[in-house]
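J.: Submitted below is the structure of interest, expressed as structure tokens.
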Amino acid sequence: MGIYLRKSVWVGPFRFNLSKGGVGVSVGVKGLRVGTGPRGNYVHMGRGGIHYRATLPAISGSQSTPRVPMPPPASLDWSDVPSGTHGPMVDIDSALATTIVDSSSAELLDELSDKQRRVRFWPWALTALLTALLILFMRGAPVWAIWVALLVGGIGVAWAYYADLLRKSVVLLYELDKDIEQALEAFHRAADGIAGASRVWHISARAHVHNAKYHAGASGLVKRRKTRVSRAAPPFVKTNVETIAVEVGAQTLHFFPDRVLIYDSSGVGGASFGTLRLEAGPTSFIEDEGVPSDATITGYTWRFVNKRGGPDKRFKNNHQIPICAYDRLGITSATGIDELLHVSKGGAAVAFATQLQALSRVVKS
């Protein structure tokens, strides 16, 4: 599935239109529309690179190429093994989103954070309406009075809802030249490859194994949770280009055509692609939770192993465990991003990292 590039986006009753002359905004109904063309909060990506208007500055920062390491020793996700057989779990976690800021994203993040902090009025308006209706009902008000209150209050709630939408939304419109559009489409196909995998895990912590016989011969343990990759826009951001969303624990990474935005409960952070460090490649994993349908089994081990790698006969119920070939994707930055994913589909993580770096090079050139 290719990218979907719209020429306009709606924010409540307002429509932001992208044309060769710039961005215009209009409001109205079919057959009656009033509009203007001020410079709003949007991005114009043309043949000369990225041209930012209003709150968006130019991209800066060095680029790195994805590294493809050799498969690391097999690891296992067990939480019920003796504590003395492995070291402490070390978290793999990004900093708070509000602290992840590079120079090219500062102004945009300021605006996103400012609008995210704004209080929404419509829940208060709805509460006031329900309270008023309850009071009228308990006091035995006539039916016509209840209907009038419902009509007036409903209009007030709708007005508050659209007012909140306008106050909290940021519009980002991208105009892509052919090279950038092709690179973005290739990146989206690579992201769809991960999204289509049977299993995607977010690795939140890892530990070194001291006694491998209790861990099927593995040299390390990981703490993981199933996650997903999808096409989804962040809250209150209206854009004409689909964005890739990667859920990583309490945070979500949103990949735009030129940068990644990080959302969590603290706010919004961001970094341009040129500041990211990517590491992708195959990894061996001792899988004790069922083999995904698209995974490749490369061998077998035992729940408890002896020094020769065979079954330790001192333990009962010592069953065989498959060793799977997965893909790993590490995303880090000097500004505080630190995330690790495992993907059951071989080659998917490498394709994602490769196409993301290719998009970064095209955008910067």
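Here, A, B, ... name the chains of the structure tokens in the order displayed, residue numbers run from 1 inside each chain, and ligands are numbered from 1 in the same displayed order.
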For range 143-199 of chain A versus range 293-315 of chain A, which residues have an atom no more than 9 Å away, and what is each residue's nearest atom pair and distance in Å rounded to one decimal, using only C-alpha atoms, chain-then-number order, as JSON lines?

T.:
```
{"residue": "A:Ala197", "atom": "CA", "partner": "A:Asp294", "partner_atom": "CA", "distance": 7.1}
{"residue": "A:Ser198", "atom": "CA", "partner": "A:Asp294", "partner_atom": "CA", "distance": 6.2}
{"residue": "A:Arg199", "atom": "CA", "partner": "A:Asp294", "partner_atom": "CA", "distance": 8.5}
```

J.: Out of range 216-283 of chain A, which residues get strand (DSSP E) from DSSP, as a PyMOL selection string?

T.: chain A and resi 220-226+229-231+237-239+244-248+251-255+259-264+267-272+276-283

J.: Name all residues at most 9 Å from Leu130 in chain A (count only C-alpha atoms; drop same-chain ones fewer than 5 positions away) and give them as number ranges by chain.

T.: A: 125, 135, 150, 153

J.: Check the DSSP output for the backbone and give back, as a PyMOL selection string, the residues of range 282-356 of chain A in alpha helix (DSSP H).

T.: chain A and resi 348-356

J.: Mind writing the picked residues with N, CA, C and O atoms as a CSV table (one decimal), in the first residue's frame?

T.:
```
chain,number,residue,atom,x,y,z
A,348,ALA,N,12.8,-7.7,8.1
A,348,ALA,CA,11.9,-6.6,8.2
A,348,ALA,C,12.6,-5.4,8.9
A,348,ALA,O,12.4,-4.3,8.4
A,349,ALA,N,13.4,-5.7,9.9
A,349,ALA,CA,14.0,-4.6,10.6
A,349,ALA,C,15.1,-3.9,9.8
A,349,ALA,O,15.3,-2.7,9.8
A,350,VAL,N,15.9,-4.7,9.1
A,350,VAL,CA,16.9,-4.2,8.2
A,350,VAL,C,16.3,-3.3,7.1
A,350,VAL,O,16.9,-2.2,6.8
A,351,ALA,N,15.2,-3.8,6.5
A,351,ALA,CA,14.6,-3.0,5.5
A,351,ALA,C,14.1,-1.6,6.1
A,351,ALA,O,14.2,-0.6,5.4
A,352,PHE,N,13.5,-1.7,7.3
A,352,PHE,CA,13.0,-0.4,7.9
A,352,PHE,C,14.2,0.6,8.1
A,352,PHE,O,14.1,1.7,7.8
A,353,ALA,N,15.3,0.1,8.7
A,353,ALA,CA,16.4,1.0,9.0
A,353,ALA,C,17.0,1.5,7.7
A,353,ALA,O,17.4,2.7,7.6
A,354,THR,N,17.1,0.6,6.7
A,354,THR,CA,17.7,1.0,5.4
A,354,THR,C,16.9,2.1,4.7
A,354,THR,O,17.4,3.1,4.2
A,355,GLN,N,15.6,1.9,4.7
A,355,GLN,CA,14.7,2.9,4.0
A,355,GLN,C,14.6,4.2,4.8
A,355,GLN,O,14.4,5.2,4.2
A,356,LEU,N,14.7,4.1,6.1
A,356,LEU,CA,14.6,5.3,6.9
A,356,LEU,C,15.9,6.2,6.6
A,356,LEU,O,15.8,7.4,6.5
```

J.: Do you have the CA of Gln320 in chain A-CA of Ala280 in chain A distance handy?

T.: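 CA of Gln320 in chain A sits 28.6 Å away from CA of Ala280 in chain A.
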
J.: Using only C-alpha atoms, which of A:Ala132, A:His319, A:Thr335, A:Leu166 sits nearest Ala145 in chain A?

T.: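 The shortest atom-to-atom distance to Ala145 in chain A comes from A:Ala132.
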
J.: So that I can see what lies close to Leu329 in chain A, please list as a tab-separated table (two decimals) with N, CA and C atoms, in the first residue's frame the residues with an atom at most 10 Å from it, counting only C-alpha atoms and leaving out residues fewer than 4 positions away in the same chain.

T.:
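Saved to out.tsv:
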```tsv
chain	number	residue	atom	x	y	z
A	66	PRO	N	22.69	2.53	9.14
A	66	PRO	CA	22.32	1.42	10.00
A	66	PRO	C	23.42	0.36	10.03
A	67	ARG	N	23.73	-0.11	11.23
A	67	ARG	CA	24.71	-1.16	11.38
A	67	ARG	C	24.01	-2.51	11.39
A	68	VAL	N	24.60	-3.48	10.75
A	68	VAL	CA	24.05	-4.83	10.72
A	68	VAL	C	25.01	-5.73	11.46
A	202	HIS	N	8.43	-5.16	22.04
A	202	HIS	CA	9.24	-4.07	22.58
A	202	HIS	C	10.06	-4.62	23.72
A	278	LEU	N	20.69	4.00	14.05
A	278	LEU	CA	19.91	2.78	13.86
A	278	LEU	C	20.83	1.58	13.84
A	279	GLU	N	20.40	0.50	14.49
A	279	GLU	CA	21.12	-0.76	14.47
A	279	GLU	C	20.12	-1.86	14.17
A	280	ALA	N	20.33	-2.57	13.08
A	280	ALA	CA	19.37	-3.60	12.67
A	280	ALA	C	20.11	-4.83	12.18
A	281	GLY	N	19.52	-5.99	12.40
A	281	GLY	CA	20.14	-7.22	11.94
A	281	GLY	C	19.50	-8.43	12.59
A	282	PRO	N	19.98	-9.61	12.28
A	282	PRO	CA	19.41	-10.85	12.83
A	282	PRO	C	19.87	-11.09	14.27
A	283	THR	N	19.03	-11.80	15.01
A	283	THR	CA	19.38	-12.20	16.37
A	283	THR	C	18.77	-13.57	16.63
A	339	GLU	N	15.47	2.77	22.23
A	339	GLU	CA	14.42	1.77	22.08
A	339	GLU	C	14.95	0.56	21.33
A	340	LEU	N	14.40	-0.61	21.65
A	340	LEU	CA	14.80	-1.86	21.00
A	340	LEU	C	13.57	-2.69	20.71
A	341	LEU	N	13.46	-3.17	19.47
A	341	LEU	CA	12.36	-4.02	19.03
A	341	LEU	C	12.90	-5.34	18.52
A	342	HIS	N	12.13	-6.40	18.69
A	342	HIS	CA	12.37	-7.68	18.04
A	342	HIS	C	11.20	-7.96	17.10
A	343	VAL	N	11.51	-8.46	15.91
A	343	VAL	CA	10.50	-8.74	14.88
A	343	VAL	C	10.64	-10.18	14.44
A	348	ALA	N	12.84	-7.74	8.07
A	348	ALA	CA	11.93	-6.60	8.17
A	348	ALA	C	12.60	-5.41	8.85
A	349	ALA	N	13.36	-5.66	9.92
A	349	ALA	CA	14.00	-4.56	10.64
A	349	ALA	C	15.10	-3.92	9.81
A	350	VAL	N	15.86	-4.74	9.08
A	350	VAL	CA	16.93	-4.20	8.23
A	350	VAL	C	16.33	-3.31	7.14
A	352	PHE	N	13.52	-1.66	7.28
A	352	PHE	CA	13.03	-0.43	7.92
A	352	PHE	C	14.17	0.55	8.13
A	353	ALA	N	15.28	0.08	8.71
A	353	ALA	CA	16.42	0.96	8.97
A	353	ALA	C	17.03	1.49	7.68
```

J.: Which residues are near Asp338 in chain A? Cut-off 9 Å, only C-alpha atoms, ignore same chain within fewer than 2 positions. Put them as a list in words.

T.: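 Here the answer would be Ile92, Asp93, Ser94, Ala95, Gly330, Ile331, Thr332, Ser333, Gly336 and Leu340 of chain A.
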
J.: Of the candidates A:Val119, A:Leu129, A:Val200, A:Ala233, which shows the shortest atom-to-atom distance to Ala245 in chain A, using only C-alpha atoms?

T.: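 When distances to Ala245 in chain A are compared using only C-alpha atoms, the smallest one comes from A:Ala233.
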
J.: Excluding Leu133 in chain A and residues on its chain fewer than 6 positions from it, collect all residues at most 12 Å away from it, counting only C-alpha atoms, and give them as a list in words.

T.: Leu126, Thr127, Arg139, Gly140, Ala141, Pro142, Val143, Trp144, Ala145, Ile146, Trp147, Val148, Ala149, Leu150, Leu151, Val152, Gly153 and Gly154 of chain A
